[in-house]
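Enquirer: This is input_8.cif, which holds mmCIF, C-alpha atoms and all ligand atoms:
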```cif
data_final
#
loop_
_atom_site.label_atom_id
_atom_site.label_comp_id
_atom_site.auth_asym_id
_atom_site.auth_seq_id
_atom_site.Cartn_x
_atom_site.Cartn_y
_atom_site.Cartn_z
CA MET E 1 -27.15 -26.69 -5.26
CA ILE E 2 -24.17 -28.22 -7.04
CA ARG E 3 -20.94 -27.58 -5.15
CA ASP E 4 -18.44 -25.62 -7.25
CA THR E 5 -15.64 -28.10 -6.64
CA ARG E 6 -13.30 -26.59 -9.22
CA ILE E 7 -13.18 -23.16 -7.60
CA PHE E 8 -12.83 -24.57 -4.08
CA GLU E 9 -10.09 -26.88 -5.25
CA LEU E 10 -8.21 -23.83 -6.56
CA ILE E 11 -8.86 -21.91 -3.33
CA ASN E 12 -7.43 -24.86 -1.37
CA LYS E 13 -4.36 -24.87 -3.58
CA GLU E 14 -3.83 -21.16 -2.98
CA ASP E 15 -4.32 -21.80 0.74
CA ARG E 16 -1.50 -24.39 0.69
CA ARG E 17 0.72 -22.05 -1.34
CA GLN E 18 0.29 -19.34 1.28
CA ILE E 19 0.86 -21.71 4.20
CA GLU E 20 3.93 -23.48 2.79
CA GLY E 21 5.70 -20.52 1.16
CA LEU E 22 7.68 -17.47 2.21
CA GLU E 23 5.56 -14.41 1.44
CA LEU E 24 7.87 -11.46 0.90
CA ILE E 25 5.68 -9.20 -1.25
CA ALA E 26 5.85 -5.86 0.54
CA SER E 27 2.18 -5.02 -0.08
CA GLU E 28 0.75 -8.30 1.26
CA ASN E 29 -0.20 -9.54 4.69
CA PHE E 30 -2.27 -12.22 6.43
CA VAL E 31 -5.50 -11.01 8.02
CA SER E 32 -6.91 -12.34 11.27
CA ASP E 33 -9.75 -14.86 11.45
CA GLN E 34 -12.23 -12.16 12.46
CA VAL E 35 -11.20 -9.85 9.60
CA MET E 36 -11.79 -12.79 7.25
CA GLU E 37 -15.08 -13.71 8.95
CA ALA E 38 -16.53 -10.21 8.57
CA MET E 39 -15.51 -10.19 4.90
CA GLY E 40 -17.27 -13.47 4.22
CA SER E 41 -20.45 -12.42 6.04
CA CYS E 42 -24.06 -11.81 4.97
CA LEU E 43 -23.28 -8.11 4.58
CA THR E 44 -22.24 -8.93 1.03
CA ASN E 45 -25.95 -9.36 0.24
CA LYS E 46 -26.89 -5.78 1.05
CA TYR E 47 -27.19 -2.77 -1.25
CA ALA E 48 -26.49 0.49 0.58
CA GLU E 49 -25.81 3.24 -1.97
CA GLY E 50 -25.33 6.51 -0.13
CA TYR E 51 -24.00 7.17 3.35
CA PRO E 52 -25.19 6.36 6.91
CA GLY E 53 -28.58 8.01 7.44
CA LYS E 54 -28.81 8.98 3.74
CA ARG E 55 -29.21 5.72 1.81
CA TYR E 56 -31.02 5.00 -1.42
CA TYR E 57 -32.17 1.60 -0.08
CA GLY E 58 -34.26 0.46 2.87
CA GLY E 59 -33.07 -1.98 5.52
CA CYS E 60 -29.76 -0.26 6.17
CA GLN E 61 -30.19 0.17 9.94
CA PHE E 62 -27.43 -2.29 10.87
CA ILE E 63 -25.25 -1.46 7.89
CA ASP E 64 -25.31 2.18 9.00
CA GLU E 65 -24.00 1.22 12.42
CA VAL E 66 -21.24 -0.86 10.87
CA GLU E 67 -20.12 1.96 8.59
CA LEU E 68 -20.27 4.55 11.39
CA LEU E 69 -18.12 2.29 13.58
CA ALA E 70 -15.56 1.88 10.79
CA ILE E 71 -15.44 5.67 10.35
CA GLU E 72 -15.12 6.33 14.07
CA ARG E 73 -12.33 3.76 14.48
CA VAL E 74 -10.26 4.88 11.49
CA LYS E 75 -10.52 8.51 12.65
CA ARG E 76 -9.19 7.47 16.05
CA LEU E 77 -6.44 5.39 14.46
CA PHE E 78 -5.11 8.25 12.35
CA ASN E 79 -6.17 11.22 14.45
CA ALA E 80 -8.37 12.38 11.55
CA GLU E 81 -11.30 14.79 11.59
CA TRP E 82 -13.14 13.08 8.76
CA ALA E 83 -13.05 9.75 6.94
CA ASN E 84 -14.67 7.96 4.01
CA VAL E 85 -14.33 4.17 4.25
CA GLN E 86 -16.13 3.29 1.01
CA PRO E 87 -13.35 3.27 -1.64
CA HIS E 88 -13.13 -0.26 -3.02
CA SER E 89 -9.35 0.03 -3.29
CA GLY E 90 -6.41 2.38 -2.99
CA ALA E 91 -6.68 3.24 -6.68
CA GLN E 92 -10.36 4.17 -6.18
CA ALA E 93 -9.48 6.40 -3.21
CA ASN E 94 -6.94 8.27 -5.32
CA ALA E 95 -9.35 8.52 -8.26
CA ALA E 96 -11.99 10.07 -6.00
CA VAL E 97 -9.56 12.66 -4.65
CA MET E 98 -8.47 13.61 -8.16
CA LEU E 99 -12.07 13.81 -9.35
CA ALA E 100 -12.82 16.12 -6.42
CA LEU E 101 -9.77 18.37 -6.71
CA LEU E 102 -8.75 18.43 -10.37
CA LYS E 103 -10.32 19.25 -13.69
CA PRO E 104 -9.23 17.26 -16.75
CA GLY E 105 -5.91 18.62 -17.95
CA ASP E 106 -4.90 20.06 -14.56
CA VAL E 107 -1.26 19.68 -13.55
CA PHE E 108 -0.38 17.59 -10.49
CA MET E 109 2.88 16.18 -9.15
CA GLY E 110 3.72 12.68 -7.92
CA LEU E 111 6.80 10.53 -7.47
CA ASP E 112 8.05 8.98 -10.71
CA LEU E 113 6.80 5.38 -10.99
CA SER E 114 10.28 4.11 -11.78
CA HIS E 115 11.60 5.91 -8.68
CA GLY E 116 9.12 4.27 -6.32
CA GLY E 117 5.82 6.04 -7.10
CA HIS E 118 2.50 4.38 -7.92
CA LEU E 119 0.55 3.94 -11.15
CA THR E 120 -2.21 6.20 -9.84
CA HIS E 121 0.27 9.04 -9.26
CA GLY E 122 0.51 9.87 -12.95
CA SER E 123 1.47 6.85 -15.05
CA HIS E 124 0.53 7.38 -18.71
CA VAL E 125 -1.39 4.05 -18.75
CA ASN E 126 -3.51 5.04 -15.73
CA TYR E 127 -6.53 7.40 -15.49
CA SER E 128 -4.27 9.78 -13.53
CA GLY E 129 -1.97 10.20 -16.52
CA ILE E 130 -4.71 9.98 -19.14
CA LEU E 131 -7.13 12.55 -17.71
CA TYR E 132 -4.74 14.92 -15.95
CA LYS E 133 -1.28 16.33 -16.61
CA PRO E 134 1.22 14.69 -14.28
CA VAL E 135 4.70 15.96 -13.62
CA ALA E 136 7.01 13.48 -11.88
CA TYR E 137 9.49 14.39 -9.17
CA LYS E 138 12.38 12.04 -8.57
CA VAL E 139 14.90 10.68 -6.12
CA ASN E 140 18.49 11.85 -6.06
CA GLU E 141 20.71 9.78 -8.37
CA ASP E 142 23.50 9.25 -5.82
CA SER E 143 21.60 8.71 -2.59
CA ALA E 144 18.28 7.40 -3.99
CA LEU E 145 16.64 9.66 -1.39
CA LEU E 146 13.84 12.07 -2.33
CA ASP E 147 15.16 15.24 -3.89
CA TYR E 148 13.07 17.87 -2.07
CA ASP E 149 15.00 20.78 -3.62
CA GLY E 150 14.30 19.37 -7.09
CA MET E 151 10.65 18.91 -6.09
CA GLU E 152 10.43 22.55 -5.02
CA GLU E 153 12.04 23.80 -8.22
CA MET E 154 9.62 21.68 -10.26
CA ALA E 155 6.59 22.90 -8.29
CA VAL E 156 7.58 26.56 -8.72
CA LYS E 157 7.93 26.00 -12.47
CA GLU E 158 4.92 23.75 -13.11
CA LYS E 159 2.38 25.24 -10.63
CA PRO E 160 0.57 21.97 -9.85
CA ARG E 161 -2.87 22.10 -8.25
CA LEU E 162 -2.06 18.97 -6.25
CA ILE E 163 1.15 17.41 -4.94
CA ILE E 164 1.11 13.75 -3.91
CA ALA E 165 3.45 12.32 -1.30
CA GLY E 166 3.86 8.56 -1.03
CA GLY E 167 4.70 5.60 -3.21
CA SER E 168 4.93 1.86 -3.44
CA ALA E 169 8.66 1.25 -3.52
CA TYR E 170 10.27 3.96 -1.41
CA SER E 171 11.77 2.57 1.76
CA ARG E 172 12.49 5.84 3.56
CA ASP E 173 10.27 8.18 5.56
CA TRP E 174 8.59 11.24 4.05
CA ASP E 175 9.12 14.86 5.08
CA TYR E 176 5.48 16.00 4.93
CA LYS E 177 6.34 19.31 6.62
CA ARG E 178 8.80 20.21 3.87
CA MET E 179 6.29 19.15 1.21
CA ARG E 180 3.61 21.36 2.78
CA GLU E 181 5.98 24.30 2.61
CA ILE E 182 6.46 23.56 -1.09
CA ALA E 183 2.69 23.19 -1.60
CA ASP E 184 1.97 26.46 0.23
CA LYS E 185 4.65 28.30 -1.73
CA THR E 186 3.15 27.23 -5.04
CA GLY E 187 -0.57 27.25 -4.16
CA ALA E 188 -1.04 23.47 -4.36
CA LEU E 189 -2.96 21.10 -2.12
CA LEU E 190 -0.96 18.30 -0.51
CA MET E 191 -2.16 14.71 -0.42
CA ALA E 192 -0.31 11.77 1.14
CA ASP E 193 -0.96 8.28 -0.17
CA ILE E 194 0.13 6.20 2.83
CA ALA E 195 -0.94 2.83 1.39
CA HIS E 196 2.40 1.25 2.33
CA PRO E 197 3.48 2.88 5.62
CA ALA E 198 -0.06 3.24 7.08
CA GLY E 199 0.64 0.85 9.96
CA PHE E 200 3.76 2.76 10.99
CA ILE E 201 1.90 6.07 10.88
CA ALA E 202 -1.03 4.75 12.89
CA THR E 203 1.36 3.58 15.60
CA GLY E 204 3.54 6.70 15.68
CA ILE E 205 6.63 4.91 14.35
CA LEU E 206 7.01 7.03 11.20
CA ASN E 207 6.18 10.69 10.47
CA HIS E 208 2.48 11.55 10.51
CA PRO E 209 1.06 13.32 7.44
CA PHE E 210 -1.31 15.35 9.67
CA PRO E 211 -1.34 18.28 10.20
CA HIS E 212 0.74 18.91 7.07
CA CYS E 213 -1.34 17.14 4.42
CA HIS E 214 -4.81 18.34 3.46
CA ILE E 215 -5.92 14.86 2.43
CA VAL E 216 -4.64 11.35 3.11
CA THR E 217 -5.51 8.19 1.19
CA SER E 218 -4.57 4.64 2.06
CA THR E 219 -5.19 1.02 1.32
CA THR E 220 -6.31 -1.14 4.22
CA HIS E 221 -4.64 -4.41 3.26
CA LYS E 222 -0.90 -3.82 3.39
CA THR E 223 0.83 -3.02 6.70
CA LEU E 224 -2.64 -2.20 8.09
CA ARG E 225 -3.51 -5.93 7.86
CA GLY E 226 -7.15 -5.50 6.91
CA PRO E 227 -9.28 -6.53 3.92
CA ARG E 228 -8.46 -5.27 0.42
CA GLY E 229 -9.80 -1.72 0.23
CA GLY E 230 -9.18 2.01 0.52
CA VAL E 231 -9.94 4.98 2.76
CA ILE E 232 -9.80 8.77 2.46
CA LEU E 233 -9.03 10.93 5.49
CA MET E 234 -8.82 14.61 6.33
CA GLY E 235 -7.21 16.30 9.30
CA SER E 236 -7.69 19.71 10.80
CA ASP E 237 -7.17 21.46 7.44
CA PHE E 238 -10.83 20.82 6.86
CA VAL E 239 -11.10 23.40 4.15
CA ASN E 240 -12.62 24.04 0.79
CA PRO E 241 -9.71 25.62 -1.06
CA TRP E 242 -10.44 27.39 -4.31
CA GLY E 243 -14.20 27.43 -3.48
CA LEU E 244 -14.73 23.99 -5.03
CA LYS E 245 -18.31 23.19 -5.97
CA THR E 246 -20.31 19.99 -5.70
CA PRO E 247 -21.65 18.46 -8.93
CA LYS E 248 -24.90 20.38 -8.27
CA GLY E 249 -22.97 23.66 -8.18
CA ASN E 250 -23.13 24.28 -4.44
CA GLU E 251 -20.10 25.49 -2.63
CA LYS E 252 -19.73 23.00 0.17
CA MET E 253 -17.43 21.53 2.74
CA MET E 254 -14.50 19.58 1.35
CA SER E 255 -15.87 16.49 3.12
CA GLN E 256 -19.09 16.66 1.12
CA ILE E 257 -17.17 17.14 -2.10
CA LEU E 258 -15.01 14.09 -1.36
CA ASP E 259 -18.02 12.00 -0.33
CA SER E 260 -19.75 12.89 -3.61
CA ALA E 261 -16.59 12.05 -5.55
CA VAL E 262 -16.60 8.50 -4.08
CA PHE E 263 -20.36 8.03 -4.46
CA PRO E 264 -21.88 8.76 -6.92
CA GLY E 265 -18.68 10.07 -8.54
CA ILE E 266 -16.74 6.89 -9.16
CA GLN E 267 -18.57 4.08 -7.33
CA GLY E 268 -22.01 2.62 -6.84
CA GLY E 269 -22.99 0.43 -3.90
CA PRO E 270 -20.39 0.19 -1.12
CA LEU E 271 -18.93 -3.21 -0.17
CA GLU E 272 -20.36 -3.26 3.34
CA HIS E 273 -18.91 -6.71 4.16
CA VAL E 274 -15.50 -5.22 3.41
CA ILE E 275 -16.31 -2.09 5.41
CA ALA E 276 -17.24 -4.30 8.40
CA SER E 277 -13.95 -6.11 7.92
CA LYS E 278 -12.09 -2.78 7.75
CA ALA E 279 -13.73 -1.83 11.07
CA VAL E 280 -12.42 -5.04 12.65
CA ALA E 281 -8.91 -4.39 11.32
CA PHE E 282 -8.97 -0.77 12.56
CA GLN E 283 -9.90 -2.02 16.03
CA GLU E 284 -7.05 -4.52 15.93
CA ALA E 285 -4.64 -1.79 14.81
CA LEU E 286 -5.62 0.34 17.80
CA SER E 287 -4.22 -2.32 20.15
CA ASP E 288 -0.81 -2.34 21.87
CA SER E 289 0.01 -5.69 20.30
CA TYR E 290 -0.37 -4.20 16.82
CA ARG E 291 2.22 -1.53 17.69
CA GLU E 292 4.58 -4.28 18.86
CA TYR E 293 3.93 -6.06 15.57
CA MET E 294 4.81 -2.95 13.55
CA LEU E 295 8.02 -2.46 15.55
CA GLN E 296 8.93 -6.07 14.73
CA VAL E 297 8.11 -5.51 11.01
CA LYS E 298 10.54 -2.56 11.00
CA SER E 299 13.27 -4.38 12.88
CA ASN E 300 12.96 -7.46 10.64
CA ALA E 301 13.21 -5.28 7.52
CA ALA E 302 16.32 -3.51 8.84
CA VAL E 303 18.01 -6.85 9.59
CA MET E 304 17.02 -8.26 6.20
CA ALA E 305 18.42 -5.20 4.38
CA GLY E 306 21.64 -5.50 6.37
CA ALA E 307 21.93 -9.21 5.50
CA PHE E 308 21.57 -8.45 1.76
CA THR E 309 24.26 -5.79 2.02
CA GLU E 310 26.58 -8.23 3.83
CA LYS E 311 26.19 -10.62 0.91
CA GLY E 312 27.27 -7.97 -1.58
CA TYR E 313 23.87 -6.84 -2.88
CA LYS E 314 23.09 -3.16 -3.24
CA VAL E 315 20.06 -2.16 -1.18
CA VAL E 316 18.66 1.00 -2.79
CA SER E 317 19.25 4.08 -0.55
CA GLY E 318 21.45 1.91 1.68
CA GLY E 319 18.70 0.43 3.83
CA THR E 320 15.12 0.95 4.96
CA ASP E 321 13.09 2.94 7.48
CA ASN E 322 9.96 0.91 6.91
CA HIS E 323 8.80 -2.60 5.98
CA SER E 324 10.18 -2.72 2.45
CA MET E 325 13.42 -2.65 0.51
CA LEU E 326 14.59 -2.65 -3.07
CA VAL E 327 17.50 -4.94 -3.84
CA ASP E 328 19.36 -3.80 -6.95
CA LEU E 329 20.80 -6.94 -8.54
CA ARG E 330 23.28 -5.13 -10.78
CA THR E 331 26.21 -5.02 -8.37
CA LYS E 332 26.25 -8.75 -7.59
CA VAL E 333 24.58 -10.44 -10.56
CA PRO E 334 24.52 -7.89 -13.41
CA ASP E 335 23.29 -10.44 -15.96
CA LEU E 336 20.19 -11.43 -14.01
CA THR E 337 16.96 -9.47 -14.34
CA GLY E 338 14.35 -8.97 -11.63
CA LYS E 339 12.00 -11.03 -13.79
CA VAL E 340 14.28 -14.07 -13.86
CA VAL E 341 14.96 -13.85 -10.13
CA GLU E 342 11.24 -13.47 -9.30
CA ASN E 343 10.34 -16.48 -11.46
CA THR E 344 13.12 -18.65 -10.09
CA LEU E 345 12.35 -17.79 -6.46
CA VAL E 346 8.74 -18.90 -7.07
CA LYS E 347 10.09 -22.39 -7.81
CA ALA E 348 11.54 -22.37 -4.30
CA ASP E 349 8.22 -21.17 -2.81
CA ILE E 350 9.67 -17.70 -2.12
CA THR E 351 7.47 -14.87 -3.40
CA VAL E 352 8.87 -11.43 -4.21
CA ASN E 353 8.19 -9.02 -7.05
CA LYS E 354 10.43 -7.63 -9.73
CA ASN E 355 10.69 -3.84 -9.52
CA MET E 356 12.45 -1.05 -11.37
CA ALA E 357 15.41 0.42 -9.51
CA PRO E 358 15.67 4.23 -9.73
CA PHE E 359 17.46 5.12 -13.00
CA ASP E 360 17.01 1.53 -14.18
CA ASP E 361 18.29 0.72 -17.67
CA ARG E 362 15.88 -2.21 -18.04
CA SER E 363 12.16 -2.10 -18.85
CA PRO E 364 9.39 -2.54 -16.23
CA PHE E 365 8.87 -6.05 -17.65
CA GLN E 366 12.48 -7.08 -16.98
CA THR E 367 13.80 -4.70 -14.26
CA SER E 368 17.10 -4.75 -12.39
CA ALA E 369 15.70 -5.03 -8.87
CA ILE E 370 13.41 -7.03 -6.64
CA ARG E 371 11.20 -5.55 -3.93
CA LEU E 372 10.81 -7.36 -0.63
CA GLY E 373 8.87 -6.65 2.56
CA THR E 374 8.39 -8.10 6.01
CA PRO E 375 4.71 -7.49 6.98
CA ALA E 376 3.43 -10.98 6.08
CA ILE E 377 6.29 -13.04 7.53
CA THR E 378 6.20 -10.94 10.72
CA THR E 379 2.50 -11.72 11.09
CA ARG E 380 3.55 -15.37 11.00
CA GLY E 381 5.84 -14.74 13.96
CA MET E 382 9.23 -14.52 12.28
CA GLN E 383 11.94 -12.50 13.98
CA GLU E 384 15.35 -10.96 13.32
CA ALA E 385 17.34 -14.24 13.36
CA ASP E 386 14.99 -15.72 10.75
CA MET E 387 15.73 -12.82 8.38
CA VAL E 388 19.36 -13.81 8.02
CA GLY E 389 18.34 -17.38 7.14
CA ILE E 390 15.85 -16.09 4.57
CA VAL E 391 18.50 -13.97 2.84
CA ASP E 392 20.81 -17.03 2.80
CA LEU E 393 18.08 -19.01 1.01
CA ILE E 394 17.38 -16.23 -1.51
CA ASP E 395 21.10 -15.88 -2.20
CA GLU E 396 21.41 -19.65 -2.67
CA VAL E 397 18.73 -19.53 -5.38
CA ILE E 398 20.20 -16.45 -7.09
CA MET E 399 23.73 -17.86 -7.13
CA ASN E 400 22.44 -21.19 -8.53
CA ILE E 401 19.77 -19.78 -10.83
CA SER E 402 19.83 -22.70 -13.31
CA ASP E 403 20.41 -25.54 -10.87
CA GLU E 404 17.03 -27.22 -10.46
CA LYS E 405 18.36 -29.58 -7.79
CA ILE E 406 19.62 -26.81 -5.53
CA ILE E 407 16.38 -24.85 -6.06
CA ALA E 408 14.33 -27.93 -5.10
CA GLY E 409 16.49 -28.23 -1.99
CA VAL E 410 15.78 -24.61 -1.06
CA LYS E 411 12.07 -25.19 -1.56
CA GLN E 412 12.19 -28.09 0.88
CA LYS E 413 14.02 -25.92 3.44
CA VAL E 414 11.43 -23.15 2.97
CA ASN E 415 8.52 -25.57 3.46
CA GLU E 416 10.11 -27.05 6.60
CA MET E 417 10.83 -23.59 8.00
CA MET E 418 7.28 -22.32 7.38
CA ASP E 419 5.90 -25.37 9.16
CA SER E 420 6.99 -23.73 12.44
CA PHE E 421 5.17 -20.46 11.71
CA PRO E 422 1.38 -20.91 11.55
CA ARG E 423 -0.40 -18.43 9.32
CA TYR E 424 -2.88 -17.34 11.99
CA ALA E 425 -0.61 -17.31 15.01
CA TRP E 426 -2.05 -14.26 16.72
C1 LIG E 501 1.04 3.88 -2.90
C2 LIG E 501 -0.10 3.07 -3.42
N1 LIG E 501 -1.25 3.70 -3.71
C3 LIG E 501 -2.30 3.04 -4.20
C4 LIG E 501 -2.25 1.67 -4.40
C5 LIG E 501 -3.42 1.00 -5.05
O1 LIG E 501 -4.08 0.18 -4.21
P1 LIG E 501 -5.09 -0.93 -4.79
O2 LIG E 501 -4.25 -2.00 -5.34
O3 LIG E 501 -5.90 -1.30 -3.59
O4 LIG E 501 -5.92 -0.24 -5.83
C6 LIG E 501 -1.08 0.98 -4.08
C7 LIG E 501 -1.03 -0.47 -4.31
O5 LIG E 501 -0.05 -1.08 -4.47
C8 LIG E 501 0.03 1.70 -3.60
O6 LIG E 501 1.18 1.09 -3.33
#
```
Would you mind writing the file's structure down as structure tokens?

Expert:
Amino acid sequence: MIRDTRIFELINKEDRRQIEGLELIASENFVSDQVMEAMGSCLTNKYAEGYPGKRYYGGCQFIDEVELLAIERVKRLFNAEWANVQPHSGAQANAAVMLALLKPGDVFMGLDLSHGGHLTHGSHVNYSGILYKPVAYKVNEDSALLDYDGMEEMAVKEKPRLIIAGGSAYSRDWDYKRMREIADKTGALLMADIAHPAGFIATGILNHPFPHCHIVTSTTHKTLRGPRGGVILMGSDFVNPWGLKTPKGNEKMMSQILDSAVFPGIQGGPLEHVIASKAVAFQEALSDSYREYMLQVKSNAAVMAGAFTEKGYKVVSGGTDNHSMLVDLRTKVPDLTGKVVENTLVKADITVNKNMAPFDDRSPFQTSAIRLGTPAITTRGMQEADMVGIVDLIDEVIMNISDEKIIAGVKQKVNEMMDSFPRYAW
């Protein structure tokens, strides 16, 4: 067989980029060797449409055990009664829940994308906004904290069938209890998408969506430090509200309806190599050392947010409760967009992403903020003192945005610094 040198050359380049640079994208992390090993295993060769014990293909005896282990571990991790580990991604998990719970045109509520929500929570360019009728709740203009009173008023008026908690750029904790009260008052189901804070929830550091939420979805690759993928969970509210029916017209348990929504509803064969890798990551997340890691992620983020504030930047909502923060550039450098800052930081081997600030006056392609997070650098062993140095380097780039020489100097400092933090240090 001819070796595909071009692709492996590119993979090696990406490998170097990851090793030499400062990875501050809030949704990224570095998986362990064994998570990677399971993902690159022979399980990728196997078709296994269906579920353990009910497959459409022969030869699934070991695959079944793998999937059952993944289910058992994720249930333990999140204190769940039921789990589906097949969604290929977070977006797929959310699509399956919507397929199960909503009919086209049904109203649901999610956090406004420009206020920290996610595409799949009702953006007009996403299936969620194309097939269903989303209504977006918002954060408070002064505090940038969730406006639960406004959410309640909106729910009473709009009568959504589903309310979604969670987002991708909200750095504070969620009041699931209050949201359940709102859902109960208006006859909606409550779903939490915990893609970002999953690791904090699993380790008891942030509020748990159970028992308040009927359904929980998550990705497995952000704070959870597993392979790219999704999961769906249910707690003790193991109900079939509204007498939902399966595609065959039977009234069944909610678990069966959700299983059918994943397969055959929106997916075909499950990625069993990824499911094996999820199982490894769940096991790792059940350990004491993972909880210590998550505490360090939180502490690093708090110190980083404080360091930005010290330098005169506005951190949206005044700080962070989790791993992420939004830095609004308008107070310190009103002429610079998130796009320019993101692109310039890349030249210094510092990776962040541009992000809308709540009530932003710039478009999503320009933005007035950048989003940063500490999961990946904490996996590499960085601690509080390093956060202050990182903010110094970012500030040096921002304050010298057109000075190629200074930016090259920062890049050299970044590369030297990252040399002391191996990617797989744990
Ligand atoms: C809150 C939230 N939900 C869902 C997703 C989608 O996950 P994926 O990229 O795996 O489809 C993300 C990803 O950023 C997210 O932040």

Enquirer: Would you kindly return, as a list of chain:residue names, each protein, DNA or RNA residue with an atom no farther than 10 Å from any atom of Lys157 in chain E, considering only C-alpha atoms and excluding same-chain residues fewer than 5 positions away?

Expert: E:Met151, E:Glu152, E:Thr186

Enquirer: How many Å separate CA of Thr351 in chain E from CA of Gln18 in chain E?

Expert: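 Result for CA of Thr351 in chain E versus CA of Gln18 in chain E: 9.7 Å, one decimal.
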
Enquirer: Ranking E:Ile377, E:Ile407, E:Ala198, E:Ala165 by minimum distance to Thr344 in chain E and counting all atoms listed in the file, which one comes first?

Expert: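 Of E:Ile377, E:Ile407, E:Ala198, E:Ala165, the one nearest Thr344 in chain E, counting all atoms listed in the file, is E:Ile407.
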
Enquirer: Suppose you want the space between CA of His214 in chain E and CA of Phe282 in chain E; what is it in Å?

Expert: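 Separation of CA of His214 in chain E and CA of Phe282 in chain E: 21.6 Å.
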
Enquirer: If we count all atoms listed in the file and set the cut-off at 8 Å, which residues sit around Ile406 in chain E, ignoring sequence neighbours fewer than 4 positions away in its own chain? Please answer as a VMD selection string.

Expert: chain E and resid 396 to 397 400 410

Enquirer: Tell me which of E:Gly105, E:Gly229, E:Pro211, E:Gly53 sits closest to ligand LIG 501 (chain E), counting all atoms listed in the file.

Expert: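 Among the listed residues, the smallest separation from ligand LIG 501 (chain E) belongs to E:Gly229.
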
Enquirer: Find the residues around Pro134 in chain E up to 8 Å (all atoms listed in the file counted), leave out those fewer than 4 positions away in its own chain, and share them as a PyMOL selection string.

Expert: chain E and resi 107-110+121-123+128-129

Enquirer: Include C-alpha atoms and write out the residues we just selected as a PDB file, in the frame of the given file.

Expert:
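So selection-v9.pdb came out as:
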```pdb
ATOM      1  CA  VAL E 107      -1.260  19.680 -13.550  1.00  0.00           C
ATOM      2  CA  PHE E 108      -0.380  17.590 -10.490  1.00  0.00           C
ATOM      3  CA  MET E 109       2.880  16.180  -9.150  1.00  0.00           C
ATOM      4  CA  GLY E 110       3.720  12.680  -7.920  1.00  0.00           C
ATOM      5  CA  HIS E 121       0.270   9.040  -9.260  1.00  0.00           C
ATOM      6  CA  GLY E 122       0.510   9.870 -12.950  1.00  0.00           C
ATOM      7  CA  SER E 123       1.470   6.850 -15.050  1.00  0.00           C
ATOM      8  CA  SER E 128      -4.270   9.780 -13.530  1.00  0.00           C
ATOM      9  CA  GLY E 129      -1.970  10.200 -16.520  1.00  0.00           C
TER      10      GLY E 129
END
```

Enquirer: Just want the residues within 10 Å of ligand LIG 501 (chain E), written as a ChimeraX atom specification, counting all atoms listed in the file.

Expert: /E:26-28,87-95,111,116-121,164-170,192-197,217-222,227-231

Enquirer: Write out as a ChimeraX atom specification the residues lying within 9 Å of Gln383 in chain E, counting only C-alpha atoms and excluding same-chain residues fewer than 2 positions away.

Expert: /E:296-297,299-300,377-378,381,385-387

Enquirer: Which is closest to Tyr57 in chain E among E:Gly312, E:Leu101, E:Met254, E:Pro270, if we use only C-alpha atoms?

Expert: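 Comparing E:Gly312, E:Leu101, E:Met254, E:Pro270 against Tyr57 in chain E, the winner is E:Pro270.
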
Enquirer: Report the distance between CA of Asn84 in chain E and CA of Gly199 in chain E in Å, rounded to one decimal place.

Expert: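 Rounded to one decimal, the two atoms are 17.9 Å apart.
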
Enquirer: Go ahead and find all residues with at least one atom no further than 6 Å from (13.9, 1.9, 2.6) in the file's coordinates, using all atoms listed in the file; report them as a VMD selection string.

Expert: chain E and resid 170 to 172 319 to 322 324 to 325

Enquirer: Env of Asn79 in chain E: 10 Å cut, atoms = only C-alpha atoms, seq-sep filter 5 positions within chain, self excluded. Answer as an MDAnalysis selection string.

Expert: chainID E and resid 73:74 202 208 210:211 233:236

Enquirer: Deliver the residues from the most recent selection as a file, using C-alpha atoms, as a compact mmCIF listing (two decimals), in the coordinates of the input.

Expert:
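Wrote it out as again-v3.txt, contents follow:
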```txt
# COMPACT_ATOMS: atom_id res chain seq x y z
CA ARG E 73 -12.33 3.76 14.48
CA VAL E 74 -10.26 4.88 11.49
CA ALA E 202 -1.03 4.75 12.89
CA HIS E 208 2.48 11.55 10.51
CA PHE E 210 -1.31 15.35 9.67
CA PRO E 211 -1.34 18.28 10.20
CA LEU E 233 -9.03 10.93 5.49
CA MET E 234 -8.82 14.61 6.33
CA GLY E 235 -7.21 16.30 9.30
CA SER E 236 -7.69 19.71 10.80
```

Enquirer: Give the answer as one residue: which of E:Ser114, E:Thr331, E:Asn355, E:Ser143 has the shortest atom-to-atom distance to Gly318 in chain E, using only C-alpha atoms?

Expert: E:Ser143
